[in-house]
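Novice: Sharing a structure, written as structure tokens. Questions coming.
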6 protein chains.
Amino acid sequence: VIISVINPNTSRAMTAAIEQTAREVAGPGTSIVAVTCPFGPASIESHHDHALAVPGVLAAISSGISSAAHPVSATVIACFGDPGLDAAREITEGPVLGIAEAGMHAASLVARTFSIVTTLSRTIGHTRELVHRYGFARACAGVYACGIPVLELDSLEAAALIGETCRETLDRDGSDAIVLGCAGMTNLASSLSADLGIPVIDGVAAAVKLAEALASLGLRTSKRSEYAPPPPKEVTGPAWRPNVHYGHME
Amino acid sequence: VIISVINPNTSRAMTAAIEQTAREVAGPGTSIVAVTCPFGPASIESHHDHALAVPGVLAAISSGISSAAHPVSATVIACFGDPGLDAAREITEGPVLGIAEAGMHAASLVARTFSIVTTLSRTIGHTRELVHRYGFARACAGVYACGIPVLELDSLEAAALIGETCRETLDRDGSDAIVLGCAGMTNLASSLSADLGIPVIDGVAAAVKLAEALASLGLRTSKRSEYAPPPPKEVTGPAWRPNVHYGHME
Amino acid sequence: VIISVINPNTSRAMTAAIEQTAREVAGPGTSIVAVTCPFGPASIESHHDHALAVPGVLAAISSGISSAAHPVSATVIACFGDPGLDAAREITEGPVLGIAEAGMHAASLVARTFSIVTTLSRTIGHTRELVHRYGFARACAGVYACGIPVLELDSLEAAALIGETCRETLDRDGSDAIVLGCAGMTNLASSLSADLGIPVIDGVAAAVKLAEALASLGLRTSKRSEYAPPPPKEVTGPAWRPNVHYGHME
Amino acid sequence: VIISVINPNTSRAMTAAIEQTAREVAGPGTSIVAVTCPFGPASIESHHDHALAVPGVLAAISSGISSAAHPVSATVIACFGDPGLDAAREITEGPVLGIAEAGMHAASLVARTFSIVTTLSRTIGHTRELVHRYGFARACAGVYACGIPVLELDSLEAAALIGETCRETLDRDGSDAIVLGCAGMTNLASSLSADLGIPVIDGVAAAVKLAEALASLGLRTSKRSEYAPPPPKEVTGPAWRPNVHYGHME
Amino acid sequence: VIISVINPNTSRAMTAAIEQTAREVAGPGTSIVAVTCPFGPASIESHHDHALAVPGVLAAISSGISSAAHPVSATVIACFGDPGLDAAREITEGPVLGIAEAGMHAASLVARTFSIVTTLSRTIGHTRELVHRYGFARACAGVYACGIPVLELDSLEAAALIGETCRETLDRDGSDAIVLGCAGMTNLASSLSADLGIPVIDGVAAAVKLAEALASLGLRTSKRSEYAPPPPKEVTGPAWRPNVHYGHME
Amino acid sequence: VIISVINPNTSRAMTAAIEQTAREVAGPGTSIVAVTCPFGPASIESHHDHALAVPGVLAAISSGISSAAHPVSATVIACFGDPGLDAAREITEGPVLGIAEAGMHAASLVARTFSIVTTLSRTIGHTRELVHRYGFARACAGVYACGIPVLELDSLEAAALIGETCRETLDRDGSDAIVLGCAGMTNLASSLSADLGIPVIDGVAAAVKLAEALASLGLRTSKRSEYAPPPPKEVTGPAWRPNVHYGHME
């Protein structure tokens with residue numbers, strides 16, 4: 001099983017952290033290929049960042065498909081906004097998981113209710129959209145922001161503040177688990193879990209294991225209708241590659 | 001009132017049709033600025049097309065903001081998938097409307113239930129997402145595809161088939177109105193409405209009028225939290241402009 | 001475009017305030033005909049008031065239809081309970097909008113979430129019903145009362161208290177916009193909007209502009225089923241006109 | 001226990017049928033007071049009829065309160081649109097039940113899913129509103145019309161057609177029970193139930209028994225907030241009584 | 001009418017309290033047969049207790065069916081988790097009511113919103129499941145625990161604490177009524193109702209009266225599909241009776 | 001990783017089939033311990049069967065906990081009704097998955113919408129409950145029965161009929177994947193998947209892999225509130241072990 005883990009922003013430090021988590025949780029027969037997006041925003045903290053990150057995510061997936069010696073079994077999109085998830089399902093064969101999606105699925109299997117602790121409050125609206133889309137409106141007790149930008153998560157002060165936010169969240173919501181709302185928090189899950197005495201779920205780890213599970217079951221994205229390969233289409237300009245025809249993944 | 005109407009694909013013929021509708025419905029004090037996306041896919045029929053269209057939509061909006069002699073009052077995104085809607089709300093001050101959003105709002109004001117007739121069946125899933133997001137799960141009785149690709153809508157045969165699909169849809173759903181699910185159907189609304197004896201709503205026309213209404217009320221997108229200007233961010237590569245800093249809309 | 005704006009209560013001072021708002025926002029080609037209900041309660045603060053106001057609303061609409069030199073293009077029911085909305089849609093041809101409906105639609109187009117600030121707490125239940133009916137259960141973050149009766153809204157103290165309630169509401173709900181929950185607050189929207197730095201939406205203004213928009217699009221209430229003209233029926237007694245046959249709007 | 005059963009239309013034949021059902025199901029200690037509305041529409045088949053019926057319903061309730069030798073314990077509003085239910089709860093002390101409400105509650109206690117068979121298709125929209133309001137969106141499998149006007153229900157042909165509609169409905173929906181969607185069908189429940197071999201629920205009978213149950217439990221409408229007595233209010237004109245003050249039920 | 005009231009735990013003191021309530025509210029023609037479960041847990045405070053109580057509930061119902069001189073008309077399951085409700089509907093003919101179900105139905109008929117006050121916080125999750133299943137997600141404003149175990153409810157201190165929890169709940173939720181979340185609170189409803197000035201609903205009383213109502217209407221659980229008698233099945237071991245065939249209630 | 005796979009019925013042939021699937025999909029470091037329930041019904045086709053199976057499921061889990069040389073890492077309950085899931089979460093430490101739950105989670109990760117094909121139509125109601133509880137009301141397009149009893153699934157005729165039902169279901173619902181609604185269909189998933197060209201998901205396989213994934217992530221059921229070990233309780237009679245105290249998993 002080869003799992004491609006895409007970091008949708010261009011921060012190599014974040015890719016390294018994501019890769020470390022992915023390797024730690026990967027099973028014995030699983031190879032992790034971590035990829036930093038070739039272009040796009042340095043971090044994803046707005047709808048605008050999200051929108052500009054998606055072409056890079058798709059380019060990373062496409063170039064992975066065409067260049068790989070061995071075919072990718074499954075893909076993980078390692079940003080809590082799950083950018084490009086639907087499009088990625090169209091252009092790949094194996095399963096594709098977003099880390100918000102994976103984190104919520106995992107949480108709902110070990111707790112009746114969970115809360116999400118994310119970075120900036122401006123991302124709450126989009127997170128709630130994902131909660132509804134994935135069907136966790138009843139399971140998700142609330143979404144809260146710690147107020148720390150994505151690229152400043154990696155400090156002791158940030159860790160302390162996130163821990164504090166988790167604690168307040170559990171008290172406020174009476175929920176049973178926490179889902180961490182950013183790939184940049186991937187290294188905090190186990191210490192928070194130990195401190196708080198409840199499952200604290202990192203979407204990166206969850207997505208890698210769910211991807212592995214689906215891939216080893218032989219499950220692939222259904223190509224019956226919505227996620228069939230996209231119709232060939234002329235795409236111009238900087239968004240992809242200049243002035244080339246884009247076809248069916250050949 | 002100046003309304004910028006963005007055609008998210010690169011088809012100039014479709015921009016012309018959209019512009020014609022917009023001008024026809026615009027009030028006496030309203031100027032329409034129709035814009036074809038500077039780059040991106042020729043039509044939007046998949047999540048992949050949608051994803052690649054969004055940077056062009058944002059570029060079109062941005063260049064409109066910076067180049068306009070007079071500031072844009074409101075923006076319409078004239079593709080039924082409403083690509084880039086949230087991001088556009090962040091980078092503009094005036095209201096932004098998607099045509100799916102506008103068409104559904106208008107329909108719900110003149111009918112208890114409506115059905116949507118769209119192009120290819122692969123777009124049904126995304127359309128249903130929008131139905132839920134905008135709050136029309138009870139009002140929308142169903143989403144159906146006529147099976148015609150976006151760039152082949154402009155023929156008598158296509159018009160006849162769309163009419164037929166509308167008729168079947170009304171019988172099946174018992175709904176009171178039809179929302180046309182593609183900007184490429186913009187010229188069919190009035191004849192279908194006359195033929196079927198019910199409101200047939202074109203999102204382009206609806207969006208222009210709602211944009212005009214909001215703009216003349218002085219209503220602008222709330223900048224309190226989610227839609228505040230995006231934080232300045234380094235964005236690299238082809239997705240936007242190569243290696244430039246993107247700041248707050250200056 | 002001729003828009004009939006019905007004040008469902010019998011307070012002429014409130015009609016004057018509503019009319020002033022309507023005229024201020026009306027477009028150049030729009031005539032406003034403001035109507036005080038010919039009979040009914042002095043203000044609407046209970047289900048009982050609501051119920052007794054509806055026949056007056058329908059009488060006002062009916063007499064407007066029969067007496068108008070020029071046909072009414074659209075109708076606005078200017079009470080936040082939207083009394084008589086469905087019945088009005090049956091007996092008219094043009095679109096009919098309630099101000100609660102219009103205010104919520106407008107708010108959802110410029111904000112992810114909005115809160116409603118209304119008069120007495122006893123109206124909260126009905127307001128929530130409308131929120132659900134119109135599809136804004138996710139968009140509406142909460143409904144709060146300022147505790148001021150309808151006919152006492154027009155004072156500096158009332159304005160201050162409403163402003164205070166709005167401020168607390170924004171803090172509590174984290175929402176992006178406020179919808180004012182009474183036609184009697186129509187003159188407060190712009191100052192509150194300036195003070196609070198977010199969109200504060202007056203349903204009267206919103207309804208007039210949406211009515212104008214729908215009317216100039218040629219959209220009229222679907223007569224396919226539910227809103228077809230009501231079957232002719234003998235109606236006796238004081239509720240309407242004594243002992244007359246009521247037929248199809250002839 | 002004294003139960004006031006209000007027929008919201010002015011048809012005395014329908015009052016007689018309703019009264020017969022009510023007396024048949026009433027317990028030994030229960031008195032039934034059947035009341036025909038003193039004014040209003042001859043039958044209720046539109047939102048317009050519904051709106052004009054409500055003041056008569058409230059007048060009937062009010063005059064019952066003031067004239068009764070013994071206080072009314074509970075009130076049943078015997079029209080499937082439940083006209084005036086909220087207002088009636090404000091002006092009375094004892095419980096008030098609508099027959100749509102009661103029929104759906106009863107059905108949900110003896111079946112997982114039920115379907116509703118009503119009169120004219122134009123009433124389906126309002127019925128679905130009630131289904132949502134009362135919380136039966138999951139329990140109610142569908143709402144269907146037999147196409148017979150209210151005042152023509154009382155014939156063998158009508159009974160046969162209603163039976164046929166029930167049969168088709170059960171096949172289509174796979175539901176376990178039928179709720180009859182009009183007080184005018186009150187005499188059909190037992191024969192249909194026998195013929196179809198499933199519970200067929202008449203809202204009149206259900207409401208009388210639920211009213212009896214609540215009354216004998218000493219449960220009365222909560223007066224804490226929404227259903228507190230309406231504030232005294234000047235109500236003018238034909239809708240109620242001309243130019244009188246309406247106060248708190250004294 | 002004979003109503004079998006099953007106490008799903010093995011505490012005879014609780015059966016006595018339940019029986020007293022049932023007899024107090026029962027109508028003149030109604031006989032109450034109160035039954036303590038023949039085996040199972042002493043009280044039900046966890047999913048585990050709930051699971052182990054269900055076979056005893058079914059055994060009690062079955063032995064009641066086979067031994068009764070007169071057939072049971074309806075069955076009440078007097079534990080707020082409604083254990084065994086669906087299975088009981090399969091093995092009986094008459095209606096079966098759970099006290100959570102009955103309490104919520106009754107509350108929704110006398111109040112717009114209600115809150116539930118239960119015993120231990122660990123039961124909140126299951127209670128919310130029931131709220132959703134029965135359709136009261138909008139009507140139920142919240143579920144709160146007083147923190148008292150089931151078998152310690154019967155003291156003055158417990159009563160005081162429950163009263164305090166109810167008071168806080170009403171303030172927090174702004175709801176109009178309280179449903180008591182345990183059969184062990186059955187004797188508190190009337191005093192709490194008097195103290196708080198709102199309807200405080202005891203599910204035992206509500207279930208007995210609703211059962212009586214349904215039974216005297218001749219309504220029985222639909223046997224069309226889901227609740228048809230269970231297929232005959234070999235059931236081994238301690239859960240029921242050892243090594244006997246269980247057939248269709250003959 | 002040691003995964004205990006419980007067959008909730010007493011059919012050893014079904015345990016063998018379940019065990020075979022579990023072993024086939026288990027990863028290299030995973031041991032499967034398949035357990036037939038020590039007592040209970042031969043198959044689970046009604047709420048009554050379900051209720052009587054649960055104590056056996058809990059007994060099997062308990063005896064597994066106490067007798068295992070090595071602690072169980074995770075538990076799978078291999079019946080599509082997910083009997084005893086909540087109680088099992090209380091009495092174990094590791095994650096517990098039901099196969100309905102697991103099948104739906106897996107399906108929602110590889111398809112926008114799925115349909116469920118189950119055995120007898122009487123199980124549809126319970127299946128829909130699970131769909132709602134787990135949050136898949138939007139993802140699940142429908143639940144259909146093939147009409148074959150659980151213990152007759154293992155024949156060529158049954159396989160053909162199930163295939164036929166799947167095909168009809170895909171046409172009717174337009175869904176993208178099928179979830180098989182019974183553990184007894186576990187051996188059909190891969191051939192059906194090949195025949196139909198879409199993902200056909202067997203809950204047994206899905207649950208084993210999800211259990212493995214959660215266990216190797218170190219995720220365990222949250223013990224914060226609802227799923228904390230059940231309070232010690234006297235449990236009498238045949239349902240468990242006669243007259244013993246049941247305490248905290250000692």
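In the structure tokens, chains take the letters A, B, ... in the order shown, each chain's residues start at 1, and ligands count up from 1 in the order shown.
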If we count only C-alpha atoms, which residues of chain D reach to within 6 Å of chain C? Please list them as a list in words.

Specialist: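 Close enough to count are Phe39, Gly40, Pro41, Ala42, Ser46, His47, His48, Asp86, Ala87, Arg122, Ser225, Glu226, Pro230, Glu234, Val235, Thr236, Gly237, Pro238 and Ala239 of chain D.
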
Novice: I'd like the neighbourhood of D:Leu97 as a PyMOL selection string, where a residue qualifies if any of its atoms comes within 12 Å (using only C-alpha atoms), though same-chain residues fewer than 3 positions away should be ignored.

Specialist: (chain D and resi 3-6+73-89+92+94+100-105+134+203-215+220-221) or (chain E and resi 106+108-111)

Novice: Quick one: distance from atom CA of C:Leu170 to atom CA of C:Ala194 in Å, one decimal?

Specialist: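 We find that atom CA of C:Leu170 and atom CA of C:Ala194 lie 14.5 Å from each other.
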
Novice: Could you pull the residues within 9 Å of E:Leu196, counting only C-alpha atoms, minus those fewer than 4 positions along the same chain, as a list in words?

Specialist: Gly163, Cys166, Arg167, Ser191, Leu192 and Val200 of chain E

Novice: What is the atom CA of C:Ala160-atom CA of B:Pro95 distance in Å, reported with one decimal?

Specialist: 28.4 Å

Novice: Quick one: DSSP helix (DSSP H, G or I) residues in stretch 114-250 of chain A, as a ChimeraX atom specification?

Specialist: /A:121-134,150-152,156-173,183-196,203-216

Novice: Take the residues from that selection and write them out as an mmCIF file, in the first residue's frame, keeping C-alpha atoms.

Specialist:
data_model
loop_
_atom_site.group_PDB
_atom_site.id
_atom_site.type_symbol
_atom_site.label_atom_id
_atom_site.label_comp_id
_atom_site.auth_asym_id
_atom_site.auth_seq_id
_atom_site.Cartn_x
_atom_site.Cartn_y
_atom_site.Cartn_z
ATOM 1 C CA SER A 121 -12.149 31.963 14.261
ATOM 2 C CA ARG A 122 -12.608 32.845 10.602
ATOM 3 C CA THR A 123 -12.347 29.154 9.726
ATOM 4 C CA ILE A 124 -15.282 28.136 11.915
ATOM 5 C CA GLY A 125 -17.872 28.704 9.201
ATOM 6 C CA HIS A 126 -16.167 26.426 6.722
ATOM 7 C CA THR A 127 -15.582 23.790 9.396
ATOM 8 C CA ARG A 128 -19.266 23.778 10.232
ATOM 9 C CA GLU A 129 -20.026 23.281 6.539
ATOM 10 C CA LEU A 130 -17.853 20.185 6.576
ATOM 11 C CA VAL A 131 -19.529 18.952 9.758
ATOM 12 C CA HIS A 132 -22.879 19.147 8.000
ATOM 13 C CA ARG A 133 -21.662 17.716 4.747
ATOM 14 C CA TYR A 134 -20.106 14.688 6.421
ATOM 15 C CA VAL A 150 -1.317 28.090 11.237
ATOM 16 C CA LEU A 151 2.373 28.883 10.958
ATOM 17 C CA GLU A 152 2.682 29.812 14.625
ATOM 18 C CA LEU A 156 5.277 25.644 23.654
ATOM 19 C CA GLU A 157 3.070 28.673 24.163
ATOM 20 C CA ALA A 158 0.835 27.580 21.318
ATOM 21 C CA ALA A 159 0.629 24.055 22.726
ATOM 22 C CA ALA A 160 -0.330 25.418 26.116
ATOM 23 C CA LEU A 161 -3.007 27.657 24.660
ATOM 24 C CA ILE A 162 -4.446 24.832 22.578
ATOM 25 C CA GLY A 163 -4.556 22.650 25.650
ATOM 26 C CA GLU A 164 -6.356 25.375 27.519
ATOM 27 C CA THR A 165 -8.875 25.786 24.709
ATOM 28 C CA CYS A 166 -9.510 22.036 24.679
ATOM 29 C CA ARG A 167 -10.141 22.031 28.412
ATOM 30 C CA GLU A 168 -12.601 24.919 28.215
ATOM 31 C CA THR A 169 -14.291 23.284 25.261
ATOM 32 C CA LEU A 170 -14.864 20.017 27.090
ATOM 33 C CA ASP A 171 -16.374 21.867 30.009
ATOM 34 C CA ARG A 172 -18.587 24.018 27.831
ATOM 35 C CA ASP A 173 -19.819 21.314 25.483
ATOM 36 C CA ALA A 183 -2.664 19.597 10.306
ATOM 37 C CA GLY A 184 -0.239 21.872 12.102
ATOM 38 C CA MET A 185 -1.427 20.413 15.421
ATOM 39 C CA THR A 186 -0.534 16.870 14.366
ATOM 40 C CA ASN A 187 2.200 16.470 16.950
ATOM 41 C CA LEU A 188 -0.011 17.492 19.871
ATOM 42 C CA ALA A 189 -2.606 14.728 19.831
ATOM 43 C CA SER A 190 -0.936 12.207 22.070
ATOM 44 C CA SER A 191 0.202 14.583 24.793
ATOM 45 C CA LEU A 192 -3.188 16.311 24.842
ATOM 46 C CA SER A 193 -4.901 12.963 24.970
ATOM 47 C CA ALA A 194 -2.803 11.974 27.954
ATOM 48 C CA ASP A 195 -3.345 15.297 29.708
ATOM 49 C CA LEU A 196 -7.069 15.493 29.144
ATOM 50 C CA GLY A 203 -6.884 14.055 11.393
ATOM 51 C CA VAL A 204 -3.573 13.271 9.729
ATOM 52 C CA ALA A 205 -3.102 10.060 11.671
ATOM 53 C CA ALA A 206 -6.760 9.161 11.301
ATOM 54 C CA ALA A 207 -6.714 9.753 7.558
ATOM 55 C CA VAL A 208 -3.615 7.645 6.996
ATOM 56 C CA LYS A 209 -5.115 4.720 8.871
ATOM 57 C CA LEU A 210 -8.517 5.015 7.210
ATOM 58 C CA ALA A 211 -6.838 5.285 3.811
ATOM 59 C CA GLU A 212 -4.831 2.178 4.586
ATOM 60 C CA ALA A 213 -7.977 0.388 5.711
ATOM 61 C CA LEU A 214 -9.948 1.290 2.592
ATOM 62 C CA ALA A 215 -7.049 0.530 0.272
ATOM 63 C CA SER A 216 -6.419 -2.872 1.769
#

Novice: How many Å separate atom CA of A:Ala34 from atom CA of F:Thr30?

Specialist: 26.1 Å

Novice: Pull the strand (DSSP E or B) assignments for stretch 99-238 of chain E out of DSSP run on the backbone, and list those residues as number ranges by chain.

Specialist: E: 114-118, 140-145, 177-180, 200-202, 233-236

Novice: Contacts of B:Cys140 at 9 Å or less, counting only C-alpha atoms, minus same-chain residues fewer than 3 places along, as a PyMOL selection string?

Specialist: chain B and resi 104+108+112-116+131+136-137+143+175
